Amino acid sequence: MYNWYFDDLTPGARFETAGKTLSEAEILDFAFRYDPQPFHMDVAYAEAGPYGGLIASGIQTIAVALRLFFQTRVFAPEISIGSPGADELRWLKPVRPGDTLRAAGEILEVRASRSKPDRGIVRYRMEVLNQRDEVVMTMISAALVRRDLTAGAAA
């Protein structure tokens, strides 16, 4: 676990998460709830479709990657205060039942907010890989994080 705070974050710092295997049932459940396209939720249709079988929703891939990111505590949980958005998102390969996903990435930029001194903005690049080390998704995103303004006060 990393448990990084704002002052620990530096451009170039790398992280890697644990893995999560997606079952067919999880893919089907997610699709029925949130992304009801036939190649995500109809096994027979998916077999005959453009992907040659059932694939996970890209939205599910993002959700799994973010869950792994926060479970690994790349940021200490008490500093995360949301995200202003993602700059880039690419789905490069289908995710299939039985695939084990993990995320790896790098901190790109760390800067204190000019308008709100109690927080900073962290930009990071994340790759999501399967069990064959194939990159299935990439994302460049930003996170808002709390700063510890008392760190230098006691000195």
# chains A, B, ... in the order shown; residues from 1 in each chain; ligands from 1
call {"tool": "select_by_dssp", "arguments": {"residues": "chain A", "states": "strand (DSSP E or B)", "output": "ChimeraX atom specification"}}
result
/A:4,14-21,75,80,85-91,100-112,119-129,135-146
call {"tool": "write_last_selection", "arguments": {"atoms": "N, CA and C atoms", "output": "compact mmCIF listing (two decimals), in the first residue's frame"}}
result
# COMPACT_ATOMS: atom_id res chain seq x y z
N TRP A 4 -0.23 7.57 0.01
CA TRP A 4 0.43 8.84 -0.24
C TRP A 4 -0.44 10.02 0.16
N ARG A 14 5.45 6.07 -9.42
CA ARG A 14 4.68 5.02 -10.08
C ARG A 14 3.88 4.23 -9.04
N PHE A 15 2.78 3.65 -9.50
CA PHE A 15 1.95 2.82 -8.64
C PHE A 15 1.45 1.62 -9.42
N GLU A 16 1.11 0.58 -8.67
CA GLU A 16 0.50 -0.61 -9.26
C GLU A 16 -0.48 -1.20 -8.26
N THR A 17 -1.60 -1.66 -8.76
CA THR A 17 -2.64 -2.20 -7.89
C THR A 17 -2.62 -3.72 -7.87
N ALA A 18 -3.41 -4.26 -6.99
CA ALA A 18 -3.69 -5.69 -7.00
C ALA A 18 -4.58 -5.99 -8.21
N GLY A 19 -4.95 -7.25 -8.38
CA GLY A 19 -5.78 -7.64 -9.51
C GLY A 19 -7.20 -8.00 -9.09
N LYS A 20 -8.08 -8.01 -10.08
CA LYS A 20 -9.49 -8.41 -9.87
C LYS A 20 -9.91 -9.19 -11.10
N THR A 21 -10.39 -10.41 -10.88
CA THR A 21 -10.88 -11.25 -11.97
C THR A 21 -12.38 -11.02 -12.14
N PHE A 75 -3.68 7.09 -2.95
CA PHE A 75 -3.85 8.28 -2.14
C PHE A 75 -4.37 7.82 -0.78
N SER A 80 -8.53 12.31 -0.52
CA SER A 80 -9.27 12.35 -1.78
C SER A 80 -10.58 13.12 -1.61
N GLY A 85 -12.36 15.62 -13.49
CA GLY A 85 -12.61 14.91 -14.74
C GLY A 85 -11.38 14.22 -15.29
N ALA A 86 -11.58 13.60 -16.43
CA ALA A 86 -10.51 12.90 -17.13
C ALA A 86 -10.22 13.63 -18.44
N ASP A 87 -8.97 13.70 -18.79
CA ASP A 87 -8.57 14.36 -20.04
C ASP A 87 -8.58 13.40 -21.21
N GLU A 88 -8.32 12.14 -20.94
CA GLU A 88 -8.19 11.17 -22.02
C GLU A 88 -8.61 9.80 -21.52
N LEU A 89 -9.35 9.09 -22.34
CA LEU A 89 -9.79 7.74 -22.00
C LEU A 89 -9.80 6.92 -23.28
N ARG A 90 -9.15 5.77 -23.25
CA ARG A 90 -9.10 4.90 -24.43
C ARG A 90 -9.34 3.45 -24.00
N TRP A 91 -10.24 2.78 -24.71
CA TRP A 91 -10.43 1.34 -24.54
C TRP A 91 -9.72 0.68 -25.71
N THR A 100 -8.31 -11.03 -15.59
CA THR A 100 -7.89 -10.41 -14.34
C THR A 100 -7.28 -9.06 -14.66
N LEU A 101 -7.91 -8.02 -14.14
CA LEU A 101 -7.46 -6.66 -14.40
C LEU A 101 -6.65 -6.13 -13.23
N ARG A 102 -5.68 -5.31 -13.55
CA ARG A 102 -4.91 -4.56 -12.57
C ARG A 102 -4.56 -3.23 -13.21
N ALA A 103 -4.27 -2.26 -12.39
CA ALA A 103 -3.93 -0.93 -12.89
C ALA A 103 -2.50 -0.58 -12.50
N ALA A 104 -1.84 0.12 -13.38
CA ALA A 104 -0.50 0.62 -13.11
C ALA A 104 -0.43 2.03 -13.69
N GLY A 105 0.34 2.87 -13.06
CA GLY A 105 0.38 4.22 -13.59
C GLY A 105 1.46 5.08 -12.99
N GLU A 106 1.34 6.35 -13.31
CA GLU A 106 2.36 7.31 -12.93
C GLU A 106 1.72 8.65 -12.61
N ILE A 107 2.26 9.31 -11.61
CA ILE A 107 1.85 10.67 -11.28
C ILE A 107 2.51 11.59 -12.31
N LEU A 108 1.71 12.40 -12.98
CA LEU A 108 2.21 13.30 -14.02
C LEU A 108 2.48 14.70 -13.50
N GLU A 109 1.60 15.20 -12.64
CA GLU A 109 1.70 16.59 -12.18
C GLU A 109 1.07 16.72 -10.80
N VAL A 110 1.70 17.51 -9.96
CA VAL A 110 1.17 17.81 -8.63
C VAL A 110 1.29 19.32 -8.44
N ARG A 111 0.14 19.95 -8.18
CA ARG A 111 0.21 21.39 -7.95
C ARG A 111 -0.83 21.82 -6.94
N ALA A 112 -0.43 22.78 -6.14
CA ALA A 112 -1.34 23.37 -5.15
C ALA A 112 -2.33 24.25 -5.88
N ARG A 119 -6.12 22.57 -0.77
CA ARG A 119 -6.14 21.41 -1.67
C ARG A 119 -5.17 21.58 -2.82
N GLY A 120 -4.98 20.47 -3.50
CA GLY A 120 -4.14 20.48 -4.69
C GLY A 120 -4.77 19.62 -5.77
N ILE A 121 -4.16 19.66 -6.94
CA ILE A 121 -4.62 18.87 -8.08
C ILE A 121 -3.49 17.95 -8.49
N VAL A 122 -3.85 16.68 -8.66
CA VAL A 122 -2.88 15.67 -9.08
C VAL A 122 -3.37 15.09 -10.40
N ARG A 123 -2.53 15.15 -11.42
CA ARG A 123 -2.83 14.49 -12.69
C ARG A 123 -2.04 13.19 -12.73
N TYR A 124 -2.70 12.14 -13.20
CA TYR A 124 -2.03 10.85 -13.29
C TYR A 124 -2.47 10.10 -14.53
N ARG A 125 -1.59 9.23 -14.98
CA ARG A 125 -1.88 8.35 -16.11
C ARG A 125 -2.03 6.95 -15.56
N MET A 126 -3.08 6.28 -15.99
CA MET A 126 -3.34 4.91 -15.54
C MET A 126 -3.50 4.00 -16.75
N GLU A 127 -2.85 2.86 -16.69
CA GLU A 127 -3.07 1.79 -17.66
C GLU A 127 -3.76 0.65 -16.94
N VAL A 128 -4.73 0.05 -17.58
CA VAL A 128 -5.37 -1.15 -17.05
C VAL A 128 -4.91 -2.31 -17.90
N LEU A 129 -4.36 -3.32 -17.24
CA LEU A 129 -3.79 -4.47 -17.93
C LEU A 129 -4.54 -5.73 -17.56
N VAL A 135 -2.45 -4.08 -22.45
CA VAL A 135 -3.13 -2.87 -21.99
C VAL A 135 -4.52 -2.85 -22.61
N VAL A 136 -5.55 -2.86 -21.74
CA VAL A 136 -6.93 -2.88 -22.23
C VAL A 136 -7.57 -1.49 -22.16
N MET A 137 -7.02 -0.60 -21.34
CA MET A 137 -7.57 0.74 -21.20
C MET A 137 -6.48 1.68 -20.72
N THR A 138 -6.52 2.92 -21.18
CA THR A 138 -5.65 3.97 -20.64
C THR A 138 -6.51 5.17 -20.27
N MET A 139 -6.04 5.91 -19.30
CA MET A 139 -6.77 7.08 -18.85
C MET A 139 -5.78 8.09 -18.26
N ILE A 140 -5.97 9.34 -18.60
CA ILE A 140 -5.28 10.43 -17.92
C ILE A 140 -6.37 11.18 -17.17
N SER A 141 -6.18 11.32 -15.88
CA SER A 141 -7.23 11.90 -15.05
C SER A 141 -6.62 12.86 -14.04
N ALA A 142 -7.48 13.59 -13.38
CA ALA A 142 -7.06 14.52 -12.34
C ALA A 142 -7.81 14.18 -11.06
N ALA A 143 -7.18 14.43 -9.95
CA ALA A 143 -7.82 14.22 -8.65
C ALA A 143 -7.61 15.47 -7.80
N LEU A 144 -8.63 15.80 -7.05
CA LEU A 144 -8.51 16.86 -6.05
C LEU A 144 -8.13 16.20 -4.73
N VAL A 145 -7.09 16.71 -4.09
CA VAL A 145 -6.64 16.12 -2.83
C VAL A 145 -6.41 17.21 -1.80
N ARG A 146 -6.69 16.84 -0.56
CA ARG A 146 -6.45 17.78 0.55
C ARG A 146 -4.96 17.91 0.80
call {"tool": "closest_residue", "arguments": {"among": "A:Asp148, A:Tyr5, A:Gly53, A:Phe39", "to": "Ala76 in chain A", "atoms": "only C-alpha atoms"}}
result
A:Tyr5
call {"tool": "residues_around", "arguments": {"residues": "Ala44 in chain A", "least_positions_apart": "6", "cutoff": "10 Å", "atoms": "only C-alpha atoms", "output": "ChimeraX atom specification"}}
result
/A:38,52-54
call {"tool": "write_last_selection", "arguments": {"atoms": "N, CA and C atoms", "output": "mmCIF file, in the first residue's frame"}}
result
data_model
loop_
_atom_site.group_PDB
_atom_site.id
_atom_site.type_symbol
_atom_site.label_atom_id
_atom_site.label_comp_id
_atom_site.auth_asym_id
_atom_site.auth_seq_id
_atom_site.Cartn_x
_atom_site.Cartn_y
_atom_site.Cartn_z
ATOM 1 N N PRO A 38 -26.236 -5.468 -26.301
ATOM 2 C CA PRO A 38 -26.315 -6.932 -26.418
ATOM 3 C C PRO A 38 -24.972 -7.661 -26.312
ATOM 4 N N GLY A 52 -16.825 -11.696 -31.030
ATOM 5 C CA GLY A 52 -16.664 -13.146 -30.925
ATOM 6 C C GLY A 52 -16.902 -13.694 -29.538
ATOM 7 N N GLY A 53 -17.625 -12.980 -28.733
ATOM 8 C CA GLY A 53 -17.936 -13.427 -27.377
ATOM 9 C C GLY A 53 -18.287 -12.256 -26.494
ATOM 10 N N LEU A 54 -18.741 -12.579 -25.314
ATOM 11 C CA LEU A 54 -19.163 -11.593 -24.329
ATOM 12 C C LEU A 54 -17.981 -10.714 -23.914
#
call {"tool": "select_by_dssp", "arguments": {"residues": "range 36-128 of chain A", "states": "alpha helix (DSSP H)", "output": "VMD selection string"}}
result
chain A and resid 38 to 41 43 to 48 58 to 71
call {"tool": "residues_around", "arguments": {"residues": "range 25-32 of chain A", "least_positions_apart": "3", "cutoff": "9 Å", "atoms": "only C-alpha atoms", "output": "list in words"}}
result
Leu22, Asp35, Pro36, Gln37, Pro38, His40, Met41, Asp42, Val43, Leu54, Ile55, Ala56, Ser57, Gln60, Arg96 and Pro97 of chain A
call {"tool": "write_last_selection", "arguments": {"atoms": "N, CA, C and O atoms", "output": "PDB file, in the first residue's frame"}}
result
ATOM      1  N   LEU A  22     -12.780 -10.736 -13.370  1.00  0.00           N
ATOM      2  CA  LEU A  22     -14.189 -10.509 -13.671  1.00  0.00           C
ATOM      3  C   LEU A  22     -14.844 -11.804 -14.136  1.00  0.00           C
ATOM      4  O   LEU A  22     -14.377 -12.429 -15.085  1.00  0.00           O
ATOM      5  N   ASP A  35     -25.370  -0.881 -18.626  1.00  0.00           N
ATOM      6  CA  ASP A  35     -24.934  -0.745 -20.020  1.00  0.00           C
ATOM      7  C   ASP A  35     -25.526  -1.874 -20.852  1.00  0.00           C
ATOM      8  O   ASP A  35     -24.818  -2.788 -21.273  1.00  0.00           O
ATOM      9  N   PRO A  36     -26.839  -1.832 -21.104  1.00  0.00           N
ATOM     10  CA  PRO A  36     -27.547  -2.969 -21.694  1.00  0.00           C
ATOM     11  C   PRO A  36     -27.371  -3.119 -23.209  1.00  0.00           C
ATOM     12  O   PRO A  36     -28.335  -3.274 -23.948  1.00  0.00           O
ATOM     13  N   GLN A  37     -26.135  -3.096 -23.648  1.00  0.00           N
ATOM     14  CA  GLN A  37     -25.871  -3.391 -25.052  1.00  0.00           C
ATOM     15  C   GLN A  37     -25.747  -4.910 -25.202  1.00  0.00           C
ATOM     16  O   GLN A  37     -25.201  -5.580 -24.327  1.00  0.00           O
ATOM     17  N   PRO A  38     -26.236  -5.468 -26.301  1.00  0.00           N
ATOM     18  CA  PRO A  38     -26.315  -6.932 -26.418  1.00  0.00           C
ATOM     19  C   PRO A  38     -24.972  -7.661 -26.312  1.00  0.00           C
ATOM     20  O   PRO A  38     -24.923  -8.775 -25.808  1.00  0.00           O
ATOM     21  N   HIS A  40     -22.723  -7.032 -24.288  1.00  0.00           N
ATOM     22  CA  HIS A  40     -22.379  -7.066 -22.872  1.00  0.00           C
ATOM     23  C   HIS A  40     -23.299  -7.988 -22.079  1.00  0.00           C
ATOM     24  O   HIS A  40     -22.940  -8.404 -20.979  1.00  0.00           O
ATOM     25  N   MET A  41     -24.497  -8.280 -22.605  1.00  0.00           N
ATOM     26  CA  MET A  41     -25.471  -8.972 -21.767  1.00  0.00           C
ATOM     27  C   MET A  41     -26.196 -10.144 -22.419  1.00  0.00           C
ATOM     28  O   MET A  41     -27.003 -10.794 -21.771  1.00  0.00           O
ATOM     29  N   ASP A  42     -25.898 -10.450 -23.661  1.00  0.00           N
ATOM     30  CA  ASP A  42     -26.539 -11.564 -24.350  1.00  0.00           C
ATOM     31  C   ASP A  42     -25.444 -12.467 -24.911  1.00  0.00           C
ATOM     32  O   ASP A  42     -24.819 -12.152 -25.930  1.00  0.00           O
ATOM     33  N   VAL A  43     -25.200 -13.583 -24.238  1.00  0.00           N
ATOM     34  CA  VAL A  43     -24.082 -14.461 -24.590  1.00  0.00           C
ATOM     35  C   VAL A  43     -24.203 -14.957 -26.023  1.00  0.00           C
ATOM     36  O   VAL A  43     -23.223 -14.949 -26.780  1.00  0.00           O
ATOM     37  N   LEU A  54     -18.741 -12.579 -25.314  1.00  0.00           N
ATOM     38  CA  LEU A  54     -19.163 -11.593 -24.329  1.00  0.00           C
ATOM     39  C   LEU A  54     -17.981 -10.714 -23.914  1.00  0.00           C
ATOM     40  O   LEU A  54     -16.871 -11.217 -23.704  1.00  0.00           O
ATOM     41  N   ILE A  55     -18.225  -9.411 -23.802  1.00  0.00           N
ATOM     42  CA  ILE A  55     -17.194  -8.486 -23.315  1.00  0.00           C
ATOM     43  C   ILE A  55     -17.790  -7.585 -22.239  1.00  0.00           C
ATOM     44  O   ILE A  55     -18.979  -7.316 -22.233  1.00  0.00           O
ATOM     45  N   ALA A  56     -16.928  -7.139 -21.355  1.00  0.00           N
ATOM     46  CA  ALA A  56     -17.337  -6.215 -20.290  1.00  0.00           C
ATOM     47  C   ALA A  56     -17.537  -4.821 -20.858  1.00  0.00           C
ATOM     48  O   ALA A  56     -16.893  -4.419 -21.833  1.00  0.00           O
ATOM     49  N   SER A  57     -18.404  -4.071 -20.234  1.00  0.00           N
ATOM     50  CA  SER A  57     -18.606  -2.663 -20.563  1.00  0.00           C
ATOM     51  C   SER A  57     -17.325  -1.885 -20.243  1.00  0.00           C
ATOM     52  O   SER A  57     -16.652  -2.142 -19.237  1.00  0.00           O
ATOM     53  N   GLN A  60     -17.587  -0.478 -16.895  1.00  0.00           N
ATOM     54  CA  GLN A  60     -17.237  -1.434 -15.843  1.00  0.00           C
ATOM     55  C   GLN A  60     -15.723  -1.499 -15.673  1.00  0.00           C
ATOM     56  O   GLN A  60     -15.221  -1.580 -14.548  1.00  0.00           O
ATOM     57  N   ARG A  96     -12.857  -9.718 -21.178  1.00  0.00           N
ATOM     58  CA  ARG A  96     -13.720 -10.887 -21.288  1.00  0.00           C
ATOM     59  C   ARG A  96     -13.888 -11.582 -19.937  1.00  0.00           C
ATOM     60  O   ARG A  96     -13.072 -11.378 -19.034  1.00  0.00           O
ATOM     61  N   PRO A  97     -14.920 -12.409 -19.812  1.00  0.00           N
ATOM     62  CA  PRO A  97     -15.072 -13.180 -18.574  1.00  0.00           C
ATOM     63  C   PRO A  97     -13.793 -13.970 -18.277  1.00  0.00           C
ATOM     64  O   PRO A  97     -13.183 -14.554 -19.182  1.00  0.00           O
TER      65      PRO A  97
END
call {"tool": "atom_distance", "arguments": {"atom1": "CA of Leu9 in chain A", "atom2": "CA of Glu134 in chain A"}}
result
27.0 Å
call {"tool": "atom_distance", "arguments": {"atom1": "CA of Ala13 in chain A", "atom2": "CA of Asp118 in chain A"}}
result
22.3 Å
